[in-house]
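Novice: Quick one, data_28.pdb (PDB, C-alpha atoms):
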```pdb
ATOM      1  CA  THR A   1     -10.015 -55.917-199.059
ATOM      2  CA  VAL A   2      -8.354 -52.748-197.746
ATOM      3  CA  SER A   3     -11.621 -51.429-196.323
ATOM      4  CA  LEU A   4     -12.314 -54.724-194.520
ATOM      5  CA  ILE A   5      -8.834 -54.743-192.982
ATOM      6  CA  ALA A   6      -9.411 -51.130-191.893
ATOM      7  CA  VAL A   7     -12.677 -52.192-190.221
ATOM      8  CA  MET A   8     -10.840 -54.985-188.391
ATOM      9  CA  LEU A   9      -8.166 -52.566-187.167
ATOM     10  CA  VAL A  10     -10.786 -50.117-185.922
ATOM     11  CA  SER A  11     -12.596 -52.988-184.198
ATOM     12  CA  TYR A  12      -9.364 -54.011-182.474
ATOM     13  CA  TRP A  13      -8.772 -50.458-181.259
ATOM     14  CA  ALA A  14     -12.381 -50.201-180.024
ATOM     15  CA  LEU A  15     -12.080 -53.521-178.158
ATOM     16  CA  GLU A  16      -8.795 -52.460-176.549
ATOM     17  CA  SER A  17     -10.317 -49.134-175.488
ATOM     18  CA  THR A  18     -13.449 -50.830-174.105
ATOM     19  CA  LEU A  19     -11.436 -53.318-172.051
ATOM     20  CA  GLN A  20      -9.251 -50.517-170.676
ATOM     21  CA  ASN A  21     -12.248 -48.358-169.754
ATOM     22  CA  ARG A  22     -14.010 -51.279-168.087
ATOM     23  CA  MET A  23     -10.944 -52.030-165.955
ATOM     24  CA  ASP A  24     -10.537 -48.363-165.007
ATOM     25  CA  GLU A  25     -14.192 -48.072-164.060
ATOM     26  CA  GLY A  26     -13.897 -51.160-161.862
ATOM     27  CA  LEU A  27     -10.806 -49.813-160.101
ATOM     28  CA  ALA A  28     -12.402 -46.387-159.593
ATOM     29  CA  SER A  29     -15.535 -47.962-158.133
ATOM     30  CA  GLU A  30     -13.376 -49.894-155.641
ATOM     31  CA  ILE A  31     -11.817 -46.622-154.447
ATOM     32  CA  VAL A  32     -15.306 -45.227-153.816
ATOM     33  CA  GLU A  33     -16.470 -48.457-152.149
ATOM     34  CA  TYR A  34     -13.550 -48.706-149.740
ATOM     35  CA  GLY A  35     -13.656 -44.979-149.025
ATOM     36  CA  SER A  36     -17.315 -45.301-148.019
ATOM     37  CA  LEU A  37     -16.521 -48.376-145.920
ATOM     38  CA  LEU A  38     -13.735 -46.516-144.111
ATOM     39  CA  LYS A  39     -16.227 -43.873-143.000
ATOM     40  CA  LEU A  40     -18.332 -46.558-141.309
ATOM     41  CA  GLN A  41     -15.710 -49.008-140.030
ATOM     42  CA  ASP A  42     -12.352 -48.775-138.331
ATOM     43  CA  MET A  43      -9.011 -49.515-139.992
ATOM     44  CA  SER A  44      -8.849 -53.125-138.831
ATOM     45  CA  VAL A  45     -12.030 -53.960-140.734
ATOM     46  CA  ILE A  46     -10.694 -52.335-143.915
ATOM     47  CA  LYS A  47      -7.459 -54.305-143.638
ATOM     48  CA  ASP A  48      -9.380 -57.546-143.231
ATOM     49  CA  VAL A  49     -11.639 -56.776-146.216
ATOM     50  CA  LEU A  50      -8.705 -55.874-148.478
ATOM     51  CA  THR A  51      -6.773 -58.982-147.450
ATOM     52  CA  ARG A  52      -9.711 -61.262-148.193
ATOM     53  CA  GLU A  53     -10.336 -59.486-151.509
ATOM     54  CA  ALA A  54      -6.699 -59.953-152.599
ATOM     55  CA  VAL A  55      -6.756 -63.631-151.657
ATOM     56  CA  SER A  56     -10.077 -64.116-153.447
ATOM     57  CA  GLU A  57      -8.867 -62.569-156.728
ATOM     58  CA  GLY A  58      -5.344 -63.972-156.357
ATOM     59  CA  THR A  59      -2.435 -62.142-154.750
ATOM     60  CA  HIS A  60      -0.568 -62.504-158.067
ATOM     61  CA  SER A  61      -3.413 -60.680-159.843
ATOM     62  CA  VAL A  62      -4.174 -57.763-157.517
ATOM     63  CA  PHE A  63      -2.716 -55.875-154.576
ATOM     64  CA  PHE A  64      -3.884 -53.127-152.213
ATOM     65  CA  ARG A  65      -1.749 -50.556-150.367
ATOM     66  CA  ILE A  66      -2.932 -47.835-148.023
ATOM     67  CA  LEU A  67      -0.531 -44.887-147.913
ATOM     68  CA  ASP A  68      -0.340 -41.561-146.181
ATOM     69  CA  GLN A  69       0.575 -38.339-147.980
ATOM     70  CA  ASN A  70       4.273 -38.897-147.186
ATOM     71  CA  SER A  71       4.328 -42.244-149.065
ATOM     72  CA  THR A  72       4.438 -44.179-145.814
ATOM     73  CA  ILE A  73       2.825 -47.601-146.184
ATOM     74  CA  LEU A  74       0.121 -47.977-143.543
ATOM     75  CA  PHE A  75      -1.047 -51.342-144.800
ATOM     76  CA  SER A  76      -0.507 -53.636-147.782
ATOM     77  CA  THR A  77      -1.696 -57.034-148.901
ATOM     78  CA  ASP A  78       0.750 -59.757-149.967
ATOM     79  CA  MET A  79       3.316 -57.947-152.188
ATOM     80  CA  ARG A  80       5.599 -60.876-153.033
ATOM     81  CA  SER A  81       4.394 -60.815-156.638
ATOM     82  CA  TRP A  82       4.702 -57.029-156.845
ATOM     83  CA  GLN A  83       8.254 -56.310-155.733
ATOM     84  CA  ASP A  84       8.881 -54.081-158.789
ATOM     85  CA  VAL A  85       5.838 -51.853-158.207
ATOM     86  CA  ALA A  86       7.039 -48.647-156.584
ATOM     87  CA  ILE A  87       5.061 -45.752-155.166
ATOM     88  CA  ASN A  88       4.939 -42.704-157.416
ATOM     89  CA  PRO A  89       5.064 -39.577-155.179
ATOM     90  CA  GLN A  90       3.645 -37.333-157.914
ATOM     91  CA  HIS A  91       0.653 -39.622-158.445
ATOM     92  CA  LEU A  92       0.221 -39.883-154.706
ATOM     93  CA  LEU A  93       0.102 -36.104-154.347
ATOM     94  CA  ALA A  94      -2.244 -35.664-157.325
ATOM     95  CA  ALA A  95      -4.602 -38.371-156.024
ATOM     96  CA  ASN A  96      -5.307 -36.355-152.892
ATOM     97  CA  GLY A  97      -8.061 -34.593-154.827
ATOM     98  CA  ILE A  98     -11.398 -35.894-156.062
ATOM     99  CA  THR A  99     -10.216 -37.520-159.299
ATOM    100  CA  PRO A 100      -8.193 -40.749-159.006
ATOM    101  CA  ILE A 101      -4.907 -41.092-160.884
ATOM    102  CA  PHE A 102      -4.210 -44.016-163.221
ATOM    103  CA  ASP A 103      -0.875 -45.428-164.291
ATOM    104  CA  THR A 104       0.336 -48.445-166.268
ATOM    105  CA  LEU A 105       3.514 -50.288-165.347
ATOM    106  CA  GLU A 106       5.315 -52.383-167.951
ATOM    107  CA  SER A 107       8.361 -54.392-166.935
ATOM    108  CA  HIS A 108      10.612 -56.966-168.583
ATOM    109  CA  SER A 109      10.138 -59.124-165.505
ATOM    110  CA  ARG A 110       6.389 -59.271-166.081
ATOM    111  CA  ASP A 111       4.423 -61.098-168.757
ATOM    112  CA  TYR A 112       1.608 -58.562-168.562
ATOM    113  CA  PRO A 113       1.393 -54.823-167.740
ATOM    114  CA  VAL A 114      -0.065 -53.708-164.417
ATOM    115  CA  ARG A 115      -2.841 -51.108-164.236
ATOM    116  CA  ILE A 116      -2.521 -48.986-161.101
ATOM    117  CA  ILE A 117      -4.877 -46.485-159.499
ATOM    118  CA  TYR A 118      -4.264 -43.980-156.706
ATOM    119  CA  GLY A 119      -7.380 -42.648-155.000
ATOM    120  CA  ALA A 120      -8.173 -40.851-151.763
ATOM    121  CA  VAL A 121     -10.226 -42.875-149.279
ATOM    122  CA  SER A 122      -9.939 -40.225-146.565
ATOM    123  CA  PRO A 123      -8.306 -36.776-146.212
ATOM    124  CA  GLU A 124      -5.196 -38.459-144.808
ATOM    125  CA  MET A 125      -5.023 -41.761-146.727
ATOM    126  CA  ILE A 126      -4.561 -42.845-150.347
ATOM    127  CA  LEU A 127      -5.477 -46.322-151.550
ATOM    128  CA  GLN A 128      -3.223 -47.756-154.248
ATOM    129  CA  ILE A 129      -4.643 -50.692-156.186
ATOM    130  CA  GLY A 130      -2.683 -52.666-158.761
ATOM    131  CA  GLU A 131      -4.297 -55.177-161.100
ATOM    132  CA  SER A 132      -2.743 -57.389-163.736
ATOM    133  CA  THR A 133      -3.999 -56.798-167.281
ATOM    134  CA  GLU A 134      -3.563 -60.492-168.105
ATOM    135  CA  SER A 135      -7.222 -61.103-168.946
ATOM    136  CA  ASN A 136      -7.375 -58.066-171.252
ATOM    137  CA  VAL A 137      -4.148 -59.039-173.027
ATOM    138  CA  LEU A 138      -5.350 -62.618-173.577
ATOM    139  CA  ILE A 139      -8.645 -61.370-175.042
ATOM    140  CA  LEU A 140      -6.762 -59.057-177.416
ATOM    141  CA  LYS A 141      -4.375 -61.858-178.426
ATOM    142  CA  HIS A 142      -7.351 -64.075-179.221
ATOM    143  CA  PHE A 143      -8.808 -61.287-181.345
ATOM    144  CA  GLN A 144      -5.424 -60.884-183.087
ATOM    145  CA  ARG A 145      -5.404 -64.581-183.998
ATOM    146  CA  ILE A 146      -8.910 -64.303-185.426
ATOM    147  CA  PHE A 147      -7.919 -61.108-187.261
ATOM    148  CA  SER A 148      -4.805 -62.765-188.735
ATOM    149  CA  LEU A 149      -6.729 -65.815-189.922
ATOM    150  CA  GLY A 150      -9.420 -63.573-191.392
ATOM    151  CA  ALA A 151      -6.841 -61.427-193.187
ATOM    152  CA  ILE A 152      -5.120 -64.516-194.636
ATOM    153  CA  ALA A 153      -8.449 -65.935-195.805
ATOM    154  CA  LEU A 154      -9.340 -62.563-197.340
ATOM    155  CA  VAL A 155      -6.043 -62.358-199.237
ATOM    156  CA  LEU A 156      -6.433 -65.926-200.508
ATOM    157  CA  PHE A 157      -9.989 -65.202-201.610
ATOM    158  CA  SER A 158      -8.836 -62.052-203.428
ATOM    159  CA  VAL A 159      -6.071 -63.972-205.211
ATOM    160  CA  VAL A 160      -8.430 -66.777-206.280
ATOM    161  CA  ALA A 161     -11.158 -64.345-207.344
ATOM    162  CA  GLY A 162      -8.640 -62.261-209.286
ATOM    163  CA  SER A 163      -7.287 -65.366-210.980
ATOM    164  CA  ILE A 164     -10.776 -66.495-212.013
ATOM    165  CA  MET A 165     -11.664 -63.053-213.360
ATOM    166  CA  SER A 166      -8.381 -62.833-215.280
ATOM    167  CA  ARG A 167      -8.963 -66.276-216.760
ATOM    168  CA  GLN A 168     -12.456 -65.290-217.867
ATOM    169  CA  ALA A 169     -11.151 -62.082-219.430
ATOM    170  CA  LEU A 170      -8.352 -63.918-221.271
ATOM    171  CA  SER A 171     -10.840 -66.517-222.465
ATOM    172  CA  GLY A 172     -13.017 -63.765-223.965
ATOM    173  CA  VAL A 173     -10.034 -62.129-225.666
ATOM    174  CA  GLN A 174      -8.996 -65.479-227.075
ATOM    175  CA  ARG A 175     -12.446 -66.029-228.604
ATOM    176  CA  VAL A 176     -12.314 -62.656-230.333
ATOM    177  CA  THR A 177      -8.762 -63.336-231.543
ATOM    178  CA  GLU A 178      -9.758 -66.697-233.050
ATOM    179  CA  ALA A 179     -12.741 -65.098-234.760
ATOM    180  CA  VAL A 180     -10.516 -62.415-236.312
ATOM    181  CA  LYS A 181      -8.154 -65.088-237.648
ATOM    182  CA  GLU A 182     -11.029 -67.061-239.175
ATOM    183  CA  VAL A 183     -12.500 -63.983-240.874
ATOM    184  CA  ALA A 184      -9.028 -63.146-242.171
ATOM    185  CA  ILE A 185      -8.850 -66.544-243.984
ATOM    186  CA  GLY A 186     -12.283 -66.083-245.562
ATOM    187  CA  ASP A 187     -14.849 -67.307-243.012
ATOM    188  CA  PHE A 188     -17.032 -64.197-243.174
ATOM    189  CA  ASP A 189     -19.902 -65.913-241.344
ATOM    190  CA  ARG A 190     -17.823 -66.243-238.177
ATOM    191  CA  ARG A 191     -19.274 -64.449-235.152
ATOM    192  CA  VAL A 192     -18.204 -64.078-231.519
ATOM    193  CA  PRO A 193     -20.728 -65.252-228.880
ATOM    194  CA  VAL A 194     -21.884 -62.407-226.619
ATOM    195  CA  SER A 195     -22.467 -63.189-222.947
ATOM    196  CA  THR A 196     -24.828 -61.407-220.560
ATOM    197  CA  ARG A 197     -22.050 -59.899-218.422
ATOM    198  CA  ASN A 198     -22.039 -56.690-220.467
ATOM    199  CA  ASP A 199     -18.352 -56.147-219.788
ATOM    200  CA  GLU A 200     -15.496 -54.895-222.007
ATOM    201  CA  ILE A 201     -15.159 -58.273-223.752
ATOM    202  CA  ASP A 202     -18.849 -58.217-224.678
ATOM    203  CA  THR A 203     -18.441 -54.692-226.042
ATOM    204  CA  LEU A 204     -15.492 -55.882-228.134
ATOM    205  CA  ALA A 205     -17.459 -58.919-229.352
ATOM    206  CA  ILE A 206     -20.439 -56.764-230.369
ATOM    207  CA  ALA A 207     -18.149 -54.371-232.231
ATOM    208  CA  PHE A 208     -16.478 -57.281-234.041
ATOM    209  CA  ASN A 209     -19.838 -58.825-234.995
ATOM    210  CA  ASP A 210     -21.064 -55.470-236.352
ATOM    211  CA  MET A 211     -17.907 -55.184-238.420
ATOM    212  CA  ALA A 212     -18.305 -58.740-239.731
ATOM    213  CA  GLU A 213     -21.884 -58.026-240.791
ATOM    214  CA  LYS A 214     -20.659 -55.199-243.020
ATOM    215  CA  ILE A 215     -18.031 -57.276-244.795
TER     216      ILE A 215
END
```
Rewrite the coordinates I just gave you, this time as structure tokens.
Specialist:
Amino acid sequence: TVSLIAVMLVSYWALESTLQNRMDEGLASEIVEYGSLLKLQDMSVIKDVLTREAVSEGTHSVFFRILDQNSTILFSTDMRSWQDVAINPQHLLAANGITPIFDTLESHSRDYPVRIIYGAVSPEMILQIGESTESNVLILKHFQRIFSLGAIALVLFSVVAGSIMSRQALSGVQRVTEAVKEVAIGDFDRRVPVSTRNDEIDTLAIAFNDMAEKI
């Protein structure tokens, strides 16, 4: 029981890690994609692409902001659903290198955390992308429900199995006890049936039968 619960917990952690990595990889690939596009197209094209992308995925699910190194907003998609998402100057500065910077924002005003990436799309500009983790959270909640039901079923099975085993053991002890009483009142031909389980009760029954043979 304990080992199975441990396996379920490890599976939950692995699923959570996989979902997080998949989201991060998707965000990082978008930084590369839009950085490459910016090298080939002018800023107006990038703005149009980002706007259409935000509308396509849902402006409540994702946002895009292009910033300069001084945290000045050069462009942003519809931010009405993201009023609480500020710009982190330290992340902005760190993202000016090759490796993008990730952050997670949790707020009491939000049902789900927001995963944020800062990545350079040119020497002068940083693209900030924010994406709701709603889908990941819902998947994990579904797994939690399955895990809870499985754990309850496992506990119930353990209780029932333990009860059946205890009843069988008590039944075997009772048979030996009755045989001892009958031998004590003179029934020296009394024997205890031996099952094929080869457990402690069988060992006790064999020992009793051997003793009865010698009386």
Novice: I'd like to know which of A:Ala6, A:Ile31, A:Leu38, A:Ile185 is closest to A:Ile116, using all atoms listed in the file.
Specialist: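 For A:Ile116, the nearest of the given residues is A:Ile31.
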Novice: I'd like to know which of A:Val45, A:Leu67, A:Leu40, A:Leu15 is closest to A:Lys141, using all atoms listed in the file.
Specialist: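 Among the listed residues, A:Leu15 lies closest to A:Lys141.
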Novice: Expressed in Å to a single decimal, how great is the separation between atom CA of A:Gly58 and atom CA of A:Arg22?
Specialist: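 Atom CA of A:Arg22 lies 19.3 Å from atom CA of A:Gly58.
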Novice: Could you give me, as a PyMOL selection string, the residues that have an atom at most 10 Å away from the point (-8.4, -41.8, -146.1) in the coordinates of the file, using only C-alpha atoms?
Specialist: chain A and resi 34-36+38-39+43+66-69+96+119-127
Novice: Suppose you want the space between atom CA of A:Phe64 and atom CA of A:Gly97; what is it in Å?
Specialist: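 Separation between atom CA of A:Phe64 and atom CA of A:Gly97: 19.2 Å.
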Novice: In Å, with one decimal, what is the gap from atom CA of A:Ala86 to atom CA of A:Ile98?
Specialist: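 Going from atom CA of A:Ala86 over to atom CA of A:Ile98, I get 22.4 Å.
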Novice: Run the PyMOL selection byres ((chain A and resi 75) around 8) on the file and write out the hits as a count of residues only.
Specialist: 8
Novice: Tell me which of A:Ile146, A:Ile206, A:Val85, A:Ile5 sits closest to A:Ile129, counting only C-alpha atoms.
Specialist: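 For A:Ile129, the nearest of the candidates is A:Val85.
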